[in-house]
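Q: What follows is input.pdb, PDB, C-alpha atoms.
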ATOM      1  CA  ARG J 261    -103.337  98.436-120.538
ATOM      2  CA  SER J 262    -101.704  98.634-123.905
ATOM      3  CA  GLY J 263     -99.992  96.239-126.246
ATOM      4  CA  LEU J 264     -98.225  96.257-129.558
ATOM      5  CA  PHE J 265     -96.216  94.218-131.969
ATOM      6  CA  TRP J 266     -93.902  94.919-134.838
ATOM      7  CA  GLN J 267     -93.681  92.888-138.042
ATOM      8  CA  ARG J 268     -91.261  92.680-140.924
ATOM      9  CA  LYS J 269     -91.202  90.601-144.107
ATOM     10  CA  MET J 270     -89.268  87.431-143.242
ATOM     11  CA  PRO J 271     -89.702  83.662-143.571
ATOM     12  CA  PRO J 272     -92.915  82.467-141.823
ATOM     13  CA  SER J 273     -91.120  81.237-138.698
ATOM     14  CA  HIS J 274     -89.445  84.610-138.106
ATOM     15  CA  HIS J 275     -91.860  87.368-139.030
ATOM     16  CA  VAL J 276     -93.717  88.466-135.887
ATOM     17  CA  LEU J 277     -92.623  90.761-133.076
ATOM     18  CA  HIS J 278     -95.285  91.754-130.576
ATOM     19  CA  ALA J 279     -96.059  93.138-127.137
ATOM     20  CA  CYS J 280     -98.863  93.225-124.581
ATOM     21  CA  ALA J 281     -99.403  93.956-120.882
ATOM     22  CA  VAL J 282     -98.217  91.961-117.856
ATOM     23  CA  PHE J 283     -96.495  92.398-114.444
ATOM     24  CA  ALA J 284     -93.028  91.407-113.166
ATOM     25  CA  ALA J 285     -90.463  92.415-110.489
ATOM     26  CA  VAL J 286     -86.839  93.533-111.040
ATOM     27  CA  THR J 287     -83.433  94.694-109.729
ATOM     28  CA  GLY J 288     -80.536  96.309-111.573
ATOM     29  CA  ALA J 289     -78.408  99.079-113.213
ATOM     30  CA  SER J 290     -78.415 101.697-115.985
ATOM     31  CA  GLY J 291     -76.372 103.301-118.758
ATOM     32  CA  SER J 292     -76.502 106.370-121.011
ATOM     33  CA  ALA J 293     -76.082 107.412-124.636
ATOM     34  CA  GLY J 294     -75.863 110.863-126.135
ATOM     35  CA  GLY J 295     -75.874 112.223-122.602
ATOM     36  CA  PHE J 296     -79.343 110.758-121.909
ATOM     37  CA  PRO J 297     -79.587 108.028-119.228
ATOM     38  CA  LYS J 298     -80.998 104.826-120.688
ATOM     39  CA  VAL J 299     -81.154 101.043-120.460
ATOM     40  CA  GLU J 300     -81.556  98.468-123.219
ATOM     41  CA  LEU J 301     -83.922  95.549-122.721
ATOM     42  CA  THR J 302     -82.756  92.595-124.802
ATOM     43  CA  SER J 303     -83.836  89.168-125.965
ATOM     44  CA  ASP J 304     -82.620  86.889-128.735
ATOM     45  CA  ARG J 305     -84.715  88.878-131.234
ATOM     46  CA  LEU J 306     -85.375  92.276-129.778
ATOM     47  CA  LYS J 307     -83.488  95.306-128.473
ATOM     48  CA  VAL J 308     -85.614  97.931-126.749
ATOM     49  CA  ASN J 309     -84.057 101.257-125.772
ATOM     50  CA  VAL J 310     -85.739 102.913-122.774
ATOM     51  CA  TYR J 311     -84.735 106.433-121.740
ATOM     52  CA  LEU J 312     -84.846 106.786-117.964
ATOM     53  CA  PRO J 313     -86.567 109.671-116.118
ATOM     54  CA  ASP J 314     -84.029 112.298-115.040
ATOM     55  CA  PRO J 315     -84.796 115.982-114.266
ATOM     56  CA  HIS J 316     -81.316 117.126-115.345
ATOM     57  CA  LYS J 317     -80.155 114.775-118.107
ATOM     58  CA  GLY J 318     -83.323 112.961-119.207
ATOM     59  CA  TYR J 319     -84.321 112.560-122.843
ATOM     60  CA  TYR J 320     -87.714 114.087-122.003
ATOM     61  CA  ARG J 321     -88.198 116.815-119.364
ATOM     62  CA  ALA J 322     -91.419 118.556-120.402
ATOM     63  CA  CYS J 323     -94.844 118.511-118.723
ATOM     64  CA  ARG J 324     -96.918 116.537-121.232
ATOM     65  CA  PHE J 325     -95.773 112.913-121.406
ATOM     66  CA  ASP J 326     -95.077 110.360-118.684
ATOM     67  CA  TRP J 327     -91.289 110.462-118.240
ATOM     68  CA  SER J 328     -91.119 106.661-117.907
ATOM     69  CA  SER J 329     -92.672 106.098-121.356
ATOM     70  CA  MET J 330     -89.777 107.097-123.614
ATOM     71  CA  VAL J 331     -89.396 103.764-125.451
ATOM     72  CA  GLY J 332     -87.355 103.796-128.647
ATOM     73  CA  PRO J 333     -85.609 102.978-130.825
ATOM     74  CA  VAL J 334     -86.706  99.331-131.015
ATOM     75  CA  THR J 335     -84.615  96.972-133.153
ATOM     76  CA  LEU J 336     -85.797  93.627-134.529
ATOM     77  CA  ASP J 337     -83.182  90.993-135.410
ATOM     78  CA  ASP J 338     -80.389  93.597-135.469
ATOM     79  CA  SER J 339     -81.691  94.919-138.785
ATOM     80  CA  THR J 340     -85.114  96.577-138.758
ATOM     81  CA  GLN J 341     -85.537  99.608-136.521
ATOM     82  CA  PHE J 342     -88.680 101.429-135.404
ATOM     83  CA  PHE J 343     -89.498 104.360-133.119
ATOM     84  CA  THR J 344     -86.506 106.590-133.803
ATOM     85  CA  ASP J 345     -86.403 110.366-133.199
ATOM     86  CA  TRP J 346     -89.206 111.869-135.239
ATOM     87  CA  ARG J 347     -88.134 115.480-134.787
ATOM     88  CA  VAL J 348     -84.540 116.670-135.091
ATOM     89  CA  PRO J 349     -82.801 118.309-133.487
ATOM     90  CA  HIS J 350     -84.300 116.900-130.298
ATOM     91  CA  ASN J 351     -85.247 119.313-127.503
ATOM     92  CA  PRO J 352     -86.000 117.612-124.130
ATOM     93  CA  SER J 353     -88.050 120.623-122.977
ATOM     94  CA  THR J 354     -90.478 120.679-125.919
ATOM     95  CA  PRO J 355     -93.822 119.095-124.882
ATOM     96  CA  GLU J 356     -94.477 117.070-128.058
ATOM     97  CA  GLN J 357     -90.926 115.780-128.557
ATOM     98  CA  GLY J 358     -91.365 112.374-127.015
ATOM     99  CA  ILE J 359     -90.353 109.137-128.707
ATOM    100  CA  GLY J 360     -91.919 105.770-129.493
ATOM    101  CA  LEU J 361     -94.504 104.807-126.900
ATOM    102  CA  SER J 362     -94.882 108.242-125.284
ATOM    103  CA  GLU J 363     -97.832 108.092-122.877
ATOM    104  CA  GLU J 364     -99.921 110.820-121.292
ATOM    105  CA  PHE J 365    -102.263 111.091-118.306
ATOM    106  CA  GLY J 366    -104.735 113.990-118.278
ATOM    107  CA  MET J 367    -105.968 115.735-121.420
ATOM    108  CA  PRO J 368    -107.877 118.895-122.353
ATOM    109  CA  GLY J 369    -111.569 118.613-121.532
ATOM    110  CA  ALA J 370    -113.106 116.711-118.641
ATOM    111  CA  ASP J 371    -109.978 114.675-117.958
ATOM    112  CA  ILE J 372    -107.614 117.569-117.220
ATOM    113  CA  PRO J 373    -104.523 117.069-115.010
ATOM    114  CA  LEU J 374    -105.089 116.673-111.265
ATOM    115  CA  GLY J 375    -105.747 120.012-109.543
ATOM    116  CA  PHE J 376    -105.565 122.099-112.715
ATOM    117  CA  VAL J 377    -107.386 125.460-112.619
ATOM    118  CA  PRO J 378    -107.096 128.274-115.201
ATOM    119  CA  ALA J 379    -105.287 130.647-112.866
ATOM    120  CA  MET J 380    -101.830 132.113-113.313
ATOM    121  CA  GLY J 381     -99.305 130.765-110.811
ATOM    122  CA  SER J 382    -101.424 127.827-109.679
ATOM    123  CA  SER J 383     -99.953 124.319-109.477
ATOM    124  CA  PHE J 384    -101.223 120.971-110.750
ATOM    125  CA  LEU J 385    -100.065 117.369-111.038
ATOM    126  CA  LYS J 386     -99.231 115.487-114.203
ATOM    127  CA  ILE J 387     -98.970 111.777-113.459
ATOM    128  CA  GLY J 388     -95.554 110.497-114.443
ATOM    129  CA  VAL J 389     -94.136 114.037-114.600
ATOM    130  CA  GLY J 390     -94.569 115.897-111.306
ATOM    131  CA  GLN J 391     -95.909 119.209-110.042
ATOM    132  CA  CYS J 392     -96.232 121.783-112.813
ATOM    133  CA  ILE J 393     -96.922 125.526-112.738
ATOM    134  CA  ASN J 394     -99.715 127.140-114.721
ATOM    135  CA  ASP J 395     -98.129 130.174-116.383
ATOM    136  CA  ASP J 396    -100.952 130.548-118.908
ATOM    137  CA  PRO J 397    -104.400 131.848-117.796
ATOM    138  CA  GLY J 398    -106.329 129.842-120.370
ATOM    139  CA  ALA J 399    -107.644 126.279-120.453
ATOM    140  CA  TYR J 400    -105.188 123.394-120.206
ATOM    141  CA  ASP J 401    -103.181 122.997-123.399
ATOM    142  CA  PHE J 402    -100.841 120.002-123.748
ATOM    143  CA  PHE J 403     -98.806 121.863-126.365
ATOM    144  CA  HIS J 404     -97.905 124.546-123.839
ATOM    145  CA  ALA J 405     -94.554 124.188-122.053
ATOM    146  CA  TYR J 406     -95.713 124.445-118.439
ATOM    147  CA  PRO J 407     -92.688 124.642-116.102
ATOM    148  CA  VAL J 408     -92.062 121.477-114.069
ATOM    149  CA  ALA J 409     -91.506 122.866-110.573
ATOM    150  CA  LYS J 410     -91.149 119.563-108.729
ATOM    151  CA  PRO J 411     -90.336 116.514-110.871
ATOM    152  CA  ASN J 412     -91.265 113.024-109.737
ATOM    153  CA  LYS J 413     -88.455 111.058-108.093
ATOM    154  CA  TRP J 414     -88.132 107.568-109.532
ATOM    155  CA  LYS J 415     -86.830 104.253-108.234
ATOM    156  CA  VAL J 416     -85.444 102.271-111.148
ATOM    157  CA  HIS J 417     -84.684  98.541-111.088
ATOM    158  CA  PHE J 418     -83.077  96.789-114.075
ATOM    159  CA  SER J 419     -82.557  93.026-114.021
ATOM    160  CA  LYS J 420     -79.092  91.567-114.475
ATOM    161  CA  ASP J 421     -80.258  89.553-117.475
ATOM    162  CA  LYS J 422     -81.492  92.791-119.120
ATOM    163  CA  THR J 423     -85.001  91.453-119.649
ATOM    164  CA  THR J 424     -86.974  93.428-117.058
ATOM    165  CA  LEU J 425     -87.223  97.074-116.085
ATOM    166  CA  SER J 426     -89.326  98.595-113.316
ATOM    167  CA  MET J 427     -89.806 102.321-112.649
ATOM    168  CA  LYS J 428     -91.738 103.458-109.577
ATOM    169  CA  THR J 429     -92.671 106.910-108.270
ATOM    170  CA  LYS J 430     -95.107 108.725-105.985
ATOM    171  CA  MET J 431     -96.290 112.291-105.491
ATOM    172  CA  LYS J 432     -98.650 114.289-103.265
ATOM    173  CA  PHE J 433    -100.044 117.774-103.785
ATOM    174  CA  GLU J 434    -102.800 119.276-101.629
ATOM    175  CA  ASP J 435    -105.625 116.678-101.567
ATOM    176  CA  TYR J 436    -104.205 114.672-104.472
ATOM    177  CA  GLY J 437    -101.693 111.846-104.259
ATOM    178  CA  TYR J 438    -100.690 108.746-106.188
ATOM    179  CA  GLU J 439     -98.229 105.899-106.463
ATOM    180  CA  TYR J 440     -97.335 104.720-109.952
ATOM    181  CA  GLU J 441     -95.258 101.791-111.187
ATOM    182  CA  LYS J 442     -94.476 100.688-114.719
ATOM    183  CA  THR J 443     -92.870  97.327-115.498
ATOM    184  CA  MET J 444     -91.508  96.265-118.884
ATOM    185  CA  VAL J 445     -90.472  92.709-119.682
ATOM    186  CA  VAL J 446     -88.962  91.465-122.938
ATOM    187  CA  ASN J 447     -88.998  87.778-123.896
ATOM    188  CA  GLY J 448     -88.310  86.482-127.393
ATOM    189  CA  THR J 449     -90.379  88.638-129.729
ATOM    190  CA  THR J 450     -92.579  90.052-126.980
ATOM    191  CA  LEU J 451     -92.402  93.280-125.012
ATOM    192  CA  ARG J 452     -94.873  93.333-122.117
ATOM    193  CA  ILE J 453     -95.830  96.527-120.294
ATOM    194  CA  HIS J 454     -97.793  96.753-117.041
ATOM    195  CA  HIS J 455     -99.081  99.929-115.369
ATOM    196  CA  ASP J 456    -100.084 100.115-111.705
ATOM    197  CA  LEU J 457    -101.631 103.416-110.494
ATOM    198  CA  LYS J 458    -102.890 103.849-106.918
ATOM    199  CA  ASN J 459    -104.696 106.843-105.417
ATOM    200  CA  THR J 460    -102.995 107.761-102.113
ATOM    201  CA  GLY J 461    -104.629 111.156-101.615
ATOM    202  CA  VAL J 462    -107.824 112.415-100.001
ATOM    203  CA  ALA J 463    -109.477 113.541-103.230
ATOM    204  CA  ALA J 464    -110.932 110.947-105.573
ATOM    205  CA  PHE J 465    -109.972 111.186-109.214
ATOM    206  CA  SER J 466    -110.459 109.354-112.478
ATOM    207  CA  THR J 467    -108.081 109.564-115.399
ATOM    208  CA  TRP J 468    -107.225 107.776-118.583
ATOM    209  CA  THR J 469    -103.954 107.296-120.376
ATOM    210  CA  TYR J 470    -102.953 106.658-123.949
ATOM    211  CA  SER J 471     -99.808 105.698-125.825
ATOM    212  CA  HIS J 472     -98.990 108.132-128.618
ATOM    213  CA  ASN J 473     -97.356 105.356-130.699
ATOM    214  CA  LEU J 474     -94.906 107.577-132.555
ATOM    215  CA  PHE J 475     -94.272 104.881-135.148
ATOM    216  CA  ASN J 476     -91.671 105.522-137.801
ATOM    217  CA  VAL J 477     -89.050 103.754-139.865
ATOM    218  CA  PRO J 478     -85.704 105.575-140.351
ATOM    219  CA  ASP J 479     -85.337 107.401-143.670
ATOM    220  CA  THR J 480     -88.879 106.450-144.697
ATOM    221  CA  PRO J 481     -91.179 109.505-144.928
ATOM    222  CA  VAL J 482     -94.846 108.978-144.156
ATOM    223  CA  GLY J 483     -96.789 108.935-147.403
ATOM    224  CA  SER J 484     -98.438 106.806-150.054
ATOM    225  CA  GLY J 485     -96.372 103.767-149.058
ATOM    226  CA  PHE J 486     -97.996 103.649-145.625
ATOM    227  CA  GLY J 487    -101.324 102.031-144.883
ATOM    228  CA  PHE J 488    -103.404 100.931-141.916
ATOM    229  CA  GLU J 489    -105.784  98.124-141.068
ATOM    230  CA  VAL J 490    -108.596  97.818-138.540
ATOM    231  CA  PRO J 491    -110.602  94.704-137.518
ATOM    232  CA  VAL J 492    -113.996  96.267-138.338
ATOM    233  CA  SER J 493    -115.590  97.401-141.564
ATOM    234  CA  LEU J 494    -115.230 101.105-142.314
ATOM    235  CA  SER J 495    -117.315 102.940-144.891
ATOM    236  CA  LYS J 496    -116.663 106.200-146.721
ATOM    237  CA  SER J 497    -118.845 108.035-144.200
ATOM    238  CA  ASP J 498    -116.534 106.927-141.357
ATOM    239  CA  PHE J 499    -113.847 109.125-142.910
ATOM    240  CA  SER J 500    -116.032 112.240-142.936
ATOM    241  CA  THR J 501    -114.322 113.545-139.789
ATOM    242  CA  CYS J 502    -110.818 113.112-141.179
ATOM    243  CA  VAL J 503    -108.622 116.194-141.288
ATOM    244  CA  GLY J 504    -105.915 116.137-143.943
ATOM    245  CA  LYS J 505    -105.411 114.115-147.081
ATOM    246  CA  VAL J 506    -108.157 111.580-147.735
ATOM    247  CA  THR J 507    -107.293 107.925-147.405
ATOM    248  CA  SER J 508    -108.243 105.321-149.995
ATOM    249  CA  ALA J 509    -109.187 101.673-149.593
ATOM    250  CA  ILE J 510    -106.989  98.835-150.833
ATOM    251  CA  SER J 511    -107.392  95.071-150.625
ATOM    252  CA  PRO J 512    -108.181  93.270-147.352
ATOM    253  CA  SER J 513    -105.238  91.737-145.496
ATOM    254  CA  SER J 514    -104.887  88.115-144.443
ATOM    255  CA  LYS J 515    -105.100  89.173-140.778
ATOM    256  CA  PHE J 516    -108.209  91.331-141.012
ATOM    257  CA  PRO J 517    -111.020  90.671-143.543
ATOM    258  CA  SER J 518    -111.922  94.376-143.627
ATOM    259  CA  PRO J 519    -110.284  96.654-146.204
ATOM    260  CA  ARG J 520    -106.916  98.211-145.545
ATOM    261  CA  PHE J 521    -106.506 101.927-146.118
ATOM    262  CA  LYS J 522    -103.558 103.991-147.250
ATOM    263  CA  PHE J 523    -102.483 107.597-147.649
ATOM    264  CA  SER J 524    -103.634 108.896-151.011
ATOM    265  CA  ALA J 525    -100.510 111.041-151.398
ATOM    266  CA  ASP J 526     -97.159 111.685-149.788
ATOM    267  CA  LEU J 527     -97.168 114.071-146.841
ATOM    268  CA  ASN J 528     -94.887 117.092-146.601
ATOM    269  CA  ASP J 529     -93.541 118.734-143.459
ATOM    270  CA  THR J 530     -96.768 120.671-142.813
ATOM    271  CA  ASP J 531     -99.371 118.008-143.682
ATOM    272  CA  VAL J 532    -101.467 116.338-140.994
ATOM    273  CA  LEU J 533    -103.873 113.415-141.225
ATOM    274  CA  TYR J 534    -106.225 112.892-138.297
ATOM    275  CA  CYS J 535    -109.311 110.664-138.208
ATOM    276  CA  ASP J 536    -111.782 110.079-135.370
ATOM    277  CA  PHE J 537    -113.795 106.901-135.827
ATOM    278  CA  ASP J 538    -116.035 107.789-132.863
ATOM    279  CA  GLY J 539    -115.050 104.783-130.787
ATOM    280  CA  LYS J 540    -116.172 102.321-133.436
ATOM    281  CA  ILE J 541    -113.304  99.965-132.641
ATOM    282  CA  ALA J 542    -113.387 100.648-128.904
ATOM    283  CA  LYS J 543    -117.065  99.645-128.697
ATOM    284  CA  GLU J 544    -116.113  96.060-129.514
ATOM    285  CA  GLU J 545    -114.492  94.765-126.292
ATOM    286  CA  THR J 546    -112.887  91.764-127.992
ATOM    287  CA  LEU J 547    -111.124  94.028-130.496
ATOM    288  CA  LYS J 548    -109.372  96.092-127.782
ATOM    289  CA  ASN J 549    -108.799  99.108-130.045
ATOM    290  CA  ARG J 550    -106.655  97.093-132.437
ATOM    291  CA  PHE J 551    -105.140  98.591-135.543
ATOM    292  CA  ILE J 552    -102.055  97.989-137.697
ATOM    293  CA  VAL J 553     -99.829 100.458-139.549
ATOM    294  CA  ARG J 554     -97.470  99.203-142.268
ATOM    295  CA  ASP J 555     -94.922 100.817-144.536
ATOM    296  CA  ALA J 556     -94.257  99.988-148.185
ATOM    297  CA  TYR J 557     -91.879  97.158-147.230
ATOM    298  CA  GLY J 558     -94.299  95.361-144.944
ATOM    299  CA  ASN J 559     -92.784  96.623-141.697
ATOM    300  CA  GLY J 560     -95.673  97.016-139.309
ATOM    301  CA  PHE J 561     -96.839  98.098-135.892
ATOM    302  CA  GLU J 562     -99.985  96.861-134.190
ATOM    303  CA  LYS J 563    -101.668  98.665-131.293
ATOM    304  CA  VAL J 564    -103.834  96.642-128.915
ATOM    305  CA  GLY J 565    -105.562  98.125-125.862
TER
END
Can the structure in the file be given as structure tokens, please?
A:
Amino acid sequence: RSGLFWQRKMPPSHHVLHACAVFAAVTGASGSAGGFPKVELTSDRLKVNVYLPDPHKGYYRACRFDWSSMVGPVTLDDSTQFFTDWRVPHNPSTPEQGIGLSEEFGMPGADIPLGFVPAMGSSFLKIGVGQCINDDPGAYDFFHAYPVAKPNKWKVHFSKDKTTLSMKTKMKFEDYGYEYEKTMVVNGTTLRIHHDLKNTGVAAFSTWTYSHNLFNVPDTPVGSGFGFEVPVSLSKSDFSTCVGKVTSAISPSSKFPSPRFKFSADLNDTDVLYCDFDGKIAKEETLKNRFIVRDAYGNGFEKVG
């Protein structure tokens, strides 16, 4: 389960845009832009672009991210836009070139993709992608462009009122098999996303998924104007694992009593900032991994779940 909301500086009765997880059913149609098949979920406040899975024309055709998770751009009140292309020119076959809420099942380590073995020419399953070929003898590497030999086939249903989208697929390979459905519903300022994954194979498996949250604001480089907030207290020692430019504390926000943190300097094209808080937020069940990122103008994105 995952949830999110966007915020912008507006009068009090108009300032919040958010999303969380839920389930709904749908029927419908599709469209395309820039050659990529897509639909646009709409409400009175929100426009959510969703690129549809397609092995020939899809926005994303690589082996890393779930093809049904290409959500972006997202527009609030026809004025503020988030989750635009973060790398240009865009290449659909490059593993990391997803957009917005790009999600992934199976990661390096214990939770590798289903059936993966470090043997040249072997096959494995990536949930939400299909059957991929291992053309690299080493350990699984999500940056590597494994060929997608057999993409998932998707059933897409889009409601006539443009508020609900459902994408469903299934796949079997050797002892592994699954059915997977994702449903997105927009209502007012809320985007709700529900995932349903069922094991249909002989072999048992466990997996986890995450949303990459490729948050950005057009023409606004990541740097000293950006900050983040978490609902727990963080000390200087919590940042000891950070890779990249050190963050600095600023005043607490009205939403969270703990300090907010910001980039200490602007980032250039080669800079990276990565911090691992060792599950400190995840350990508190009521917090549900919450955090907020804001730019210098108050535009924000909150991750929940």
Q: Residues near range 419-431 of chain J, anyone? I mean within 6 Å using all atoms listed in the file, not counting same-chain ones fewer than 4 positions away, as a PyMOL selection string.
A: chain J and resi 286-288+301-302+413-415+437-446
Q: For Asp555 in chain J, work out the shell of residues within 10 Å, counting all atoms listed in the file and skipping chain neighbours fewer than 4 positions away, then give it as a count of residues only.
A: 16
Q: How would you write, as a PyMOL selection string, the residues chosen by the PyMOL selection byres ((chain J and resi 308) around 9) on this structure?
A: chain J and resi 299-303+306-307+309-310+331-336+446+451
Q: Any chance you could resolve the PyMOL selection byres ((chain J and resi 475) around 7) against this file and give the residues as a PyMOL selection string?
A: chain J and resi 342-343+360+473-474+476
Q: Would you write out those residues with C-alpha atoms, as a compact mmCIF listing (two decimals), keeping the file's coordinate frame?
A:
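Contents of the output file selection_17.txt:
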# COMPACT_ATOMS: atom_id res chain seq x y z
CA PHE J 342 -88.68 101.43 -135.40
CA PHE J 343 -89.50 104.36 -133.12
CA GLY J 360 -91.92 105.77 -129.49
CA ASN J 473 -97.36 105.36 -130.70
CA LEU J 474 -94.91 107.58 -132.56
CA ASN J 476 -91.67 105.52 -137.80
Q: Using only C-alpha atoms, which residues sit within 8 Å of range 313-328 of chain J once same-chain residues fewer than 6 positions away are excluded, as a PyMOL selection string?
A: chain J and resi 295-297+351-358+362-365+386-390+392+402-403+405-408+411+414+427+442
Q: What is the distance between CA of Asp401 in chain J and CA of Asp371 in chain J, in Å to one decimal?
A: 12.0 Å
Q: Which is closest to Leu385 in chain J among J:Val348, J:Leu361, J:Leu457, J:Ile372, if we use all atoms listed in the file?
A: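 Once distances to Leu385 in chain J are computed over all atoms listed in the file, the minimum belongs to J:Ile372.
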Q: What is the CA of Trp468 in chain J to CA of Gly366 in chain J distance in Å?
A: 6.7 Å
Q: Provide the CA of Phe551 in chain J to CA of Ser329 in chain J distance in Å, to one decimal place.
A: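 About the pair CA of Phe551 in chain J and CA of Ser329 in chain J: they are 20.3 Å apart.
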Q: Counting all atoms listed in the file, figure out which residue out of J:Gln391, J:Glu562, J:Asp337, J:Arg305 gets nearest to Thr449 in chain J.
A: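 With all atoms listed in the file as the atom set, the closest residue is J:Arg305.
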Q: Measuring between only C-alpha atoms, which one of J:Arg452, J:Lys432, J:Arg554, J:His417 shows the shortest distance to Ser383 in chain J?
A: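 Once distances to Ser383 in chain J are computed over only C-alpha atoms, the minimum belongs to J:Lys432.
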Q: Looking at all atoms listed in the file, which of J:Ala463, J:Val553, J:Asp395, J:Leu374 is the one that sits closest to Val490 in chain J?
A: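 Looking only at the distances to Val490 in chain J, the closest residue turns out to be J:Val553.
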